[in-house]
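Have a look at structure_3.txt below; it lists compact mmCIF, C-alpha atoms.
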# COMPACT_ATOMS: atom_id res chain seq x y z
CA MET D 20 34.75 -42.64 155.94
CA LYS D 21 32.46 -39.61 156.06
CA GLY D 22 28.74 -40.29 156.60
CA PHE D 23 28.91 -44.11 156.74
CA LEU D 24 27.70 -46.21 159.64
CA ARG D 25 31.08 -47.87 159.92
CA SER D 26 32.26 -44.70 161.58
CA SER D 27 32.92 -45.34 165.25
CA THR D 28 31.43 -41.94 166.03
CA LEU D 29 28.09 -42.89 164.52
CA GLY D 30 28.23 -46.21 166.32
CA PHE D 31 28.49 -44.26 169.54
CA ALA D 32 25.48 -42.19 168.46
CA LEU D 33 23.37 -45.29 168.01
CA LEU D 34 24.38 -46.63 171.42
CA ALA D 35 23.55 -43.27 172.94
CA ALA D 36 20.17 -43.31 171.27
CA ALA D 37 19.42 -46.77 172.62
CA SER D 38 20.27 -45.68 176.14
CA LEU D 39 18.02 -42.63 175.88
CA GLY D 40 15.14 -44.77 174.62
CA PHE D 41 14.04 -42.55 171.73
CA GLY D 42 11.23 -43.60 169.41
CA GLN D 43 9.56 -46.97 169.33
CA THR D 44 10.96 -50.23 170.58
CA ASN D 45 11.68 -51.59 167.11
CA THR D 46 14.37 -49.05 166.29
CA MET D 47 17.06 -50.30 163.94
CA PRO D 48 20.50 -49.00 162.95
CA ALA D 49 21.44 -48.98 159.30
CA PRO D 50 23.30 -52.17 158.36
CA ALA D 51 27.07 -51.85 158.51
CA ALA D 52 27.63 -54.89 156.29
CA PRO D 53 25.81 -56.66 153.48
CA VAL D 54 22.71 -58.61 154.41
CA GLU D 55 23.58 -62.29 154.51
CA GLY D 56 22.05 -64.37 151.75
CA SER D 57 21.12 -61.35 149.63
CA PRO D 58 22.97 -60.49 146.41
CA ASN D 59 22.60 -56.84 147.33
CA PRO D 60 22.71 -55.63 150.93
CA ALA D 61 19.65 -53.41 150.62
CA TYR D 62 17.23 -55.93 149.14
CA ALA D 63 15.99 -59.21 150.51
CA ALA D 64 12.67 -58.88 148.77
CA PRO D 65 9.52 -60.88 149.43
CA PRO D 66 7.97 -62.79 146.51
CA VAL D 67 5.84 -59.94 145.21
CA ARG D 68 8.23 -58.04 142.92
CA SER D 69 7.46 -56.58 139.56
CA GLY D 70 10.75 -55.81 137.86
CA ALA D 71 13.85 -54.29 139.40
CA PRO D 72 14.01 -53.00 142.98
CA GLY D 73 12.15 -49.71 143.10
CA VAL D 74 9.48 -50.98 140.68
CA ILE D 75 6.63 -52.63 142.55
CA SER D 76 2.91 -52.86 141.95
CA PRO D 77 0.70 -50.04 143.26
CA GLY D 78 -1.68 -51.63 145.72
CA THR D 79 1.07 -53.47 147.60
CA ILE D 80 0.02 -53.86 151.23
CA ASN D 81 3.07 -52.50 152.98
CA TYR D 82 2.16 -52.71 156.65
CA MET D 83 -0.77 -53.69 158.84
CA GLU D 84 -1.78 -54.10 162.45
CA ARG D 85 -4.29 -56.44 164.05
CA GLN D 86 -7.32 -57.66 162.03
CA VAL D 87 -7.02 -56.97 158.30
CA SER D 88 -8.58 -59.04 155.52
CA LEU D 89 -8.55 -59.17 151.72
CA ASP D 90 -11.84 -60.26 150.16
CA ASN D 91 -12.88 -61.59 153.59
CA ARG D 92 -9.72 -63.71 153.91
CA PRO D 93 -7.54 -62.79 156.91
CA LEU D 94 -4.08 -61.44 156.06
CA ASN D 95 -1.18 -62.65 158.15
CA ALA D 96 1.71 -60.67 156.67
CA ALA D 97 2.29 -57.54 154.62
CA GLY D 98 4.87 -56.87 151.91
CA SER D 99 4.00 -59.86 149.74
CA VAL D 100 0.35 -59.16 148.95
CA VAL D 101 -0.93 -56.82 146.24
CA LEU D 102 -4.45 -55.41 146.32
CA GLN D 103 -5.79 -55.98 142.81
CA PRO D 104 -8.45 -53.74 141.19
CA GLY D 105 -11.85 -54.75 142.52
CA GLN D 106 -10.57 -56.54 145.62
CA LEU D 107 -11.73 -55.35 149.05
CA LEU D 108 -9.29 -54.53 151.83
CA THR D 109 -11.10 -54.47 155.17
CA THR D 110 -9.92 -53.53 158.65
CA ALA D 111 -12.04 -54.92 161.48
CA ASN D 112 -9.92 -53.81 164.41
CA GLY D 113 -6.71 -52.43 163.03
CA PHE D 114 -4.91 -50.37 160.40
CA ALA D 115 -3.34 -50.98 157.01
CA GLU D 116 -0.89 -49.12 154.77
CA VAL D 117 -1.07 -49.49 150.98
CA LEU D 118 1.49 -48.15 148.51
CA LEU D 119 0.10 -46.06 145.67
CA THR D 120 2.11 -44.09 143.09
CA PRO D 121 5.81 -43.65 143.99
CA GLY D 122 6.04 -41.55 147.16
CA ALA D 123 2.35 -41.87 148.16
CA PHE D 124 0.90 -43.93 151.03
CA LEU D 125 -2.77 -44.85 151.56
CA ARG D 126 -3.49 -45.53 155.24
CA VAL D 127 -6.76 -47.17 156.21
CA GLY D 128 -8.37 -46.61 159.59
CA ASN D 129 -10.20 -48.94 161.95
CA ASP D 130 -13.46 -50.59 160.73
CA SER D 131 -12.93 -49.37 157.18
CA GLN D 132 -13.01 -50.75 153.66
CA VAL D 133 -11.15 -49.68 150.51
CA ARG D 134 -10.69 -51.02 147.01
CA LEU D 135 -8.54 -50.19 144.01
CA ILE D 136 -10.25 -49.12 140.81
CA THR D 137 -7.10 -48.75 138.72
CA ALA D 138 -3.48 -49.45 139.61
CA GLY D 139 -0.52 -48.05 137.66
CA LEU D 140 2.73 -46.27 138.42
CA ALA D 141 1.37 -43.12 136.79
CA ASP D 142 -2.37 -43.65 137.23
CA THR D 143 -3.87 -45.02 140.46
CA LYS D 144 -7.42 -44.64 141.71
CA ALA D 145 -8.75 -46.04 145.00
CA GLN D 146 -12.21 -45.97 146.55
CA LEU D 147 -13.20 -45.63 150.19
CA ASP D 148 -16.38 -47.65 150.72
CA ARG D 149 -16.59 -47.36 154.49
CA GLY D 150 -14.79 -45.75 157.40
CA THR D 151 -11.72 -43.53 157.22
CA ALA D 152 -8.55 -43.21 155.18
CA MET D 153 -5.61 -40.85 154.94
CA ILE D 154 -3.22 -40.34 152.03
CA GLU D 155 0.30 -39.04 152.62
CA VAL D 156 1.85 -37.79 149.39
CA ASP D 157 5.55 -37.16 149.94
CA GLN D 158 6.36 -36.81 146.25
CA LEU D 159 4.04 -36.45 143.27
CA ILE D 160 5.77 -36.92 139.94
CA LYS D 161 4.60 -34.50 137.27
CA GLY D 162 1.89 -36.10 135.15
CA THR D 163 0.94 -38.64 137.83
CA ASN D 164 -2.79 -39.21 138.25
CA LEU D 165 -3.67 -40.03 141.87
CA GLN D 166 -7.34 -40.15 142.86
CA LEU D 167 -9.65 -41.39 145.59
CA VAL D 168 -13.41 -41.88 145.21
CA ILE D 169 -15.60 -41.22 148.25
CA ASN D 170 -19.40 -40.97 148.49
CA GLY D 171 -19.66 -40.80 144.70
CA ALA D 172 -17.20 -37.90 144.37
CA THR D 173 -13.71 -38.12 142.86
CA VAL D 174 -10.83 -36.38 144.61
CA GLN D 175 -7.79 -35.66 142.46
CA LEU D 176 -4.66 -35.07 144.55
CA GLU D 177 -2.72 -32.32 142.81
CA LYS D 178 0.13 -31.60 145.20
CA LYS D 179 2.23 -33.36 147.78
CA GLY D 180 0.49 -33.12 151.12
CA LEU D 181 -1.75 -34.89 153.61
CA TYR D 182 -5.40 -35.70 152.88
CA ASP D 183 -8.10 -37.08 155.18
CA PHE D 184 -11.24 -38.93 154.07
CA ASP D 185 -14.26 -39.93 156.18
CA ALA D 186 -17.04 -41.87 154.44
CA GLY D 187 -19.29 -41.76 157.51
CA GLU D 188 -19.08 -37.99 157.79
CA GLN D 189 -18.99 -37.69 153.97
CA ALA D 190 -16.00 -35.41 154.31
CA VAL D 191 -12.75 -34.64 152.49
CA ARG D 192 -10.16 -32.59 154.37
CA VAL D 193 -6.84 -31.15 153.22
CA LEU D 194 -4.32 -30.86 156.04
CA ASP D 195 -1.61 -29.88 153.55
CA GLY D 196 -1.59 -29.73 149.74
CA LYS D 197 -4.25 -29.15 147.08
CA ALA D 198 -7.03 -31.32 145.68
CA LYS D 199 -9.72 -31.07 143.04
CA VAL D 200 -13.09 -32.51 144.10
CA THR D 201 -15.53 -33.48 141.35
CA GLU D 202 -19.15 -34.48 142.02
CA ALA D 203 -21.46 -35.03 139.06
CA ALA D 204 -20.60 -32.21 136.64
CA ARG D 205 -19.27 -29.81 139.28
CA SER D 206 -15.71 -29.36 140.50
CA LYS D 207 -14.06 -27.49 143.34
CA THR D 208 -10.39 -26.99 144.18
CA ILE D 209 -9.61 -27.05 147.90
CA GLY D 210 -6.37 -26.25 149.70
CA LYS D 211 -4.73 -26.48 153.09
CA GLY D 212 -7.21 -26.15 155.94
CA ASP D 213 -10.26 -26.70 153.71
CA GLN D 214 -12.93 -29.38 153.85
CA VAL D 215 -16.02 -30.25 151.82
CA LEU D 216 -19.04 -32.02 153.30
CA PHE D 217 -21.10 -33.89 150.72
CA ALA D 218 -24.12 -34.24 153.01
CA SER D 219 -24.55 -30.47 153.37
CA THR D 220 -27.01 -28.37 151.37
CA LYS D 221 -24.04 -27.05 149.39
CA PRO D 222 -21.84 -30.16 148.97
CA LEU D 223 -18.89 -28.45 147.27
CA LYS D 224 -18.87 -25.39 149.49
CA THR D 225 -15.55 -25.23 151.37
CA SER D 226 -15.32 -24.68 155.10
CA GLY D 227 -12.68 -24.92 157.76
CA PHE D 228 -12.22 -27.74 160.28
CA ASP D 229 -10.65 -28.26 163.68
CA MET D 230 -7.08 -29.26 162.80
CA LYS D 231 -6.11 -29.83 166.44
CA ALA D 232 -9.02 -32.19 167.01
CA LEU D 233 -8.23 -34.14 163.84
CA LYS D 234 -4.65 -34.63 164.98
CA THR D 235 -5.89 -36.50 168.05
CA GLN D 236 -7.78 -39.09 165.96
CA PRO D 237 -6.34 -42.64 165.95
CA LEU D 238 -5.71 -42.74 162.19
CA TYR D 239 -3.75 -39.48 162.24
CA VAL D 240 -1.66 -40.63 165.22
CA TRP D 241 -0.98 -43.98 163.55
CA SER D 242 -0.13 -42.33 160.23
CA GLU D 243 2.34 -39.99 161.91
CA ALA D 244 4.06 -42.97 163.57
CA ARG D 245 4.20 -44.78 160.22
CA SER D 246 5.71 -41.72 158.54
CA GLN D 247 8.43 -41.64 161.18
CA ASP D 248 9.20 -45.33 160.70
CA GLU D 249 9.32 -44.85 156.93
CA SER D 250 11.83 -42.05 157.45
CA ARG D 251 14.02 -44.31 159.60
CA ALA D 252 13.93 -47.06 156.99
CA ASN D 253 14.72 -44.52 154.26
CA VAL D 254 17.86 -43.33 156.05
CA ALA D 255 19.07 -46.88 156.68
CA LEU D 256 18.57 -47.92 153.06
CA ALA D 257 20.03 -44.70 151.66
CA GLN D 258 23.20 -45.33 153.68
CA ASN D 259 23.31 -48.95 152.58
CA VAL D 260 22.97 -48.09 148.90
CA ALA D 261 25.54 -45.31 149.23
CA VAL D 262 28.04 -47.79 150.68
CA TYR D 263 27.30 -50.97 148.74
CA GLY D 264 25.60 -49.80 145.54
CA GLY D 265 22.57 -51.31 143.85
CA TRP D 266 20.81 -48.08 142.89
CA TYR D 267 17.91 -48.46 140.45
CA GLY D 268 16.55 -44.93 140.63
CA PRO D 269 13.74 -43.46 142.74
CA GLY D 270 11.08 -45.81 144.03
CA TRP D 271 10.13 -48.38 146.67
CA TYR D 272 12.92 -50.58 148.08
CA TRP D 273 12.42 -53.53 150.38
CA ASP D 274 14.00 -53.12 153.82
CA PRO D 275 14.66 -56.58 155.35
CA TYR D 276 15.23 -55.10 158.81
CA TRP D 277 11.90 -53.28 159.05
CA SER D 278 10.09 -55.80 156.83
CA PHE D 279 8.37 -53.19 154.69
CA TYR D 280 9.11 -51.09 151.62
CA ALA D 281 10.86 -47.76 152.10
CA TYR D 282 10.82 -44.91 149.61
CA LEU D 283 14.09 -43.56 148.18
CA PRO D 284 13.89 -40.31 146.18
CA GLY D 285 16.08 -39.81 143.14
CA ASN D 286 18.07 -36.82 144.43
CA GLY D 287 18.33 -34.38 147.29
CA PHE D 288 15.98 -34.68 150.23
CA PHE D 289 12.51 -33.59 151.31
CA TYR D 290 10.18 -33.74 154.30
CA SER D 291 6.91 -35.56 154.77
CA PRO D 292 3.90 -33.45 155.86
CA PHE D 293 4.61 -34.77 159.36
CA GLY D 294 8.09 -33.25 159.20
CA TRP D 295 10.16 -36.44 158.80
CA GLY D 296 13.08 -36.41 156.39
CA PHE D 297 13.55 -38.62 153.32
CA TYR D 298 16.98 -38.71 151.63
CA SER D 299 18.40 -39.97 148.38
CA PRO D 300 21.48 -42.22 148.38
CA ALA D 301 23.30 -39.53 146.38
CA PHE D 302 22.71 -36.97 149.15
CA ILE D 303 23.73 -39.38 151.91
CA GLY D 304 26.78 -40.55 149.93
CA TYR D 305 28.01 -37.02 149.31
CA TYR D 306 27.23 -35.34 152.64
CA GLY D 307 26.96 -38.22 155.07
CA VAL D 308 24.03 -38.43 157.48
CA PRO D 309 22.50 -35.04 158.33
CA TYR D 310 22.08 -34.55 162.04
CA ARG D 311 20.85 -31.06 162.84
CA TYR D 312 17.86 -29.03 161.70
CA TYR D 313 17.06 -25.59 163.02
CA GLY D 314 13.69 -23.93 163.02
CA HIS D 315 10.46 -24.70 161.19
CA TYR D 316 12.06 -24.84 157.77
CA GLY D 317 14.63 -27.47 158.65
CA THR D 318 17.88 -25.83 157.53
CA TRP D 319 20.54 -28.49 157.10
CA HIS D 320 23.75 -28.28 159.13
CA GLY D 321 26.68 -30.68 159.13
CA HIS D 322 26.86 -34.45 159.02
CA VAL D 323 27.49 -37.40 161.30
CA GLY D 324 30.83 -39.08 160.75
CA GLY D 325 34.37 -37.81 160.25
CA VAL D 326 36.52 -35.82 162.64
CA ASN D 327 34.05 -32.93 162.98
CA ALA D 328 31.07 -35.07 164.03
CA ARG D 329 29.21 -33.94 167.12
CA ILE D 330 26.90 -36.32 168.94
CA ASN D 331 24.47 -33.94 170.58
CA GLY D 332 21.78 -36.26 171.88
CA PHE D 333 18.38 -34.66 172.05
CA HIS D 334 18.02 -30.88 171.73
CA GLY D 335 15.32 -28.28 171.82
CA ASN D 336 14.16 -26.17 168.87
CA GLY D 337 12.81 -29.21 167.05
CA ILE D 338 16.20 -30.87 166.61
CA HIS D 339 16.59 -34.65 166.41
CA SER D 340 20.14 -35.88 166.00
CA VAL D 341 20.17 -39.67 165.69
CA PRO D 342 19.49 -41.05 162.22
CA ALA D 343 18.08 -44.37 163.40
CA HIS D 344 15.08 -42.39 164.59
CA GLY D 345 14.45 -40.32 161.47
CA PHE D 346 14.84 -36.58 161.08
CA HIS D 347 12.15 -34.15 162.10
CA ALA D 348 11.89 -30.53 161.06
CA GLY D 349 8.62 -29.15 162.26
CA GLY D 350 6.19 -30.38 159.60
CA GLY D 351 5.21 -29.23 156.17
CA PHE D 352 7.12 -29.63 152.94
CA HIS D 353 10.18 -27.49 153.50
CA GLY D 354 13.11 -29.63 152.34
CA ALA D 355 15.24 -28.63 149.38
CA GLY D 356 16.10 -30.81 146.42
CA GLY D 357 19.63 -31.31 145.18
CA ARG D 358 22.83 -30.74 147.09
CA ARG D 359 23.26 -27.90 149.52
Rewrite the structure from the file as structure tokens, please.
Amino acid sequence: MKGFLRSSTLGFALLAAASLGFGQTNTMPAPAAPVEGSPNPAYAAPPVRSGAPGVISPGTINYMERQVSLDNRPLNAAGSVVLQPGQLLTTANGFAEVLLTPGAFLRVGNDSQVRLITAGLADTKAQLDRGTAMIEVDQLIKGTNLQLVINGATVQLEKKGLYDFDAGEQAVRVLDGKAKVTEAARSKTIGKGDQVLFASTKPLKTSGFDMKALKTQPLYVWSEARSQDESRANVALAQNVAVYGGWYGPGWYWDPYWSFYAYLPGNGFFYSPFGWGFYSPAFIGYYGVPYRYYGHYGTWHGHVGGVNARINGFHGNGIHSVPAHGFHAGGGFHGAGGRR
């Protein structure tokens, strides 16, 4: 059956991927059968649910590494804890990922502290008290209010993109997207490649920054790895829903294999600012699993599965072919919605 993991051709692809050693050591194929003990194969949710799958509380701590605490109490596991307004999430020697509005991830760097001010599916505001944070916005639903407060200024994220915040340097940087920065009664809109430094003599004056140097920072590197893992989980769940059903619309869905929430868009596909693909179950169900992308804009070609499948391993020109490892297309938001 076209595009489904039950295809022997795709099974071969996964074995080939394992032998080549792509990605991280916790790679996972999409499930080829329902998850045991779960009424639906895609969801074996932890206790923290609010409503149907796809509807969870903003502030859910989705992933963490090493020493992370909530109101000075050490956290031992993610996925079942929700950061409530006013509570402090602190990283002593590690990283944490918090889910915001649908399609947006807040990632907290080492020796940092954040809190939620408000938490709603359409209106979420966080505050960076100390250290560094990065927000990846893969989708921003029209009318959604997504903000972060830093050094007394409010940053409204107005487009999908990637945003960097440093409380120590009193800096806001836009790697991709557009944001409106408001301090006191003054506002400034900044775009890709811009930064504002609140400690300068002209706090809302925009300037450039060293993008290459920023991409070597630990939080950026960690965020890029998390975006790739989220893409892998998205593909696995999209296949599972396409095969077994249980679709509740766009939103966060628990992945029992990765043990974190993955994001499933409502239709079509798109790319994260790191270049990793996210697919809807409708797209996967109709076309199968995409396997080839050419050039910076990630043109879609073909599918895995069926008699015309080609298992090409690893290619040049920015092409990744094995779905268990996500899909990469050069960065930026270049994916198309709907069917192609």
Mind giving me the straight-line distance from atom CA of D:Gly180 to atom CA of D:Gly196 in Å, one decimal? 4.2 Å
Mind listing as a ChimeraX atom specification all residues within 8 Å of (15.2, -52.7, 158.0), counting only C-alpha atoms? /D:47,49,252,255-256,274-279
d(atom CA of D:Trp295, atom CA of D:Gly113) in Å: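 Between these atoms lies a distance of 23.6 Å.
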Closest to D:Glu116 among D:Leu167, D:Leu223, D:Val101, D:Ala218, using all atoms listed in the file?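 Nearest to D:Glu116: D:Val101.
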In Å, with one decimal, what is the gap from atom CA of D:Asp142 to atom CA of D:Glu243?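 That distance, rounded to one decimal, is 25.4 Å.
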For a cutoff of 8 Å around the file-coordinate point (-4.6, -58.0, 145.7), which residues qualify once you count only C-alpha atoms? I'd like the result as a PyMOL selection string. chain D and resi 78-79+89+100-104+106
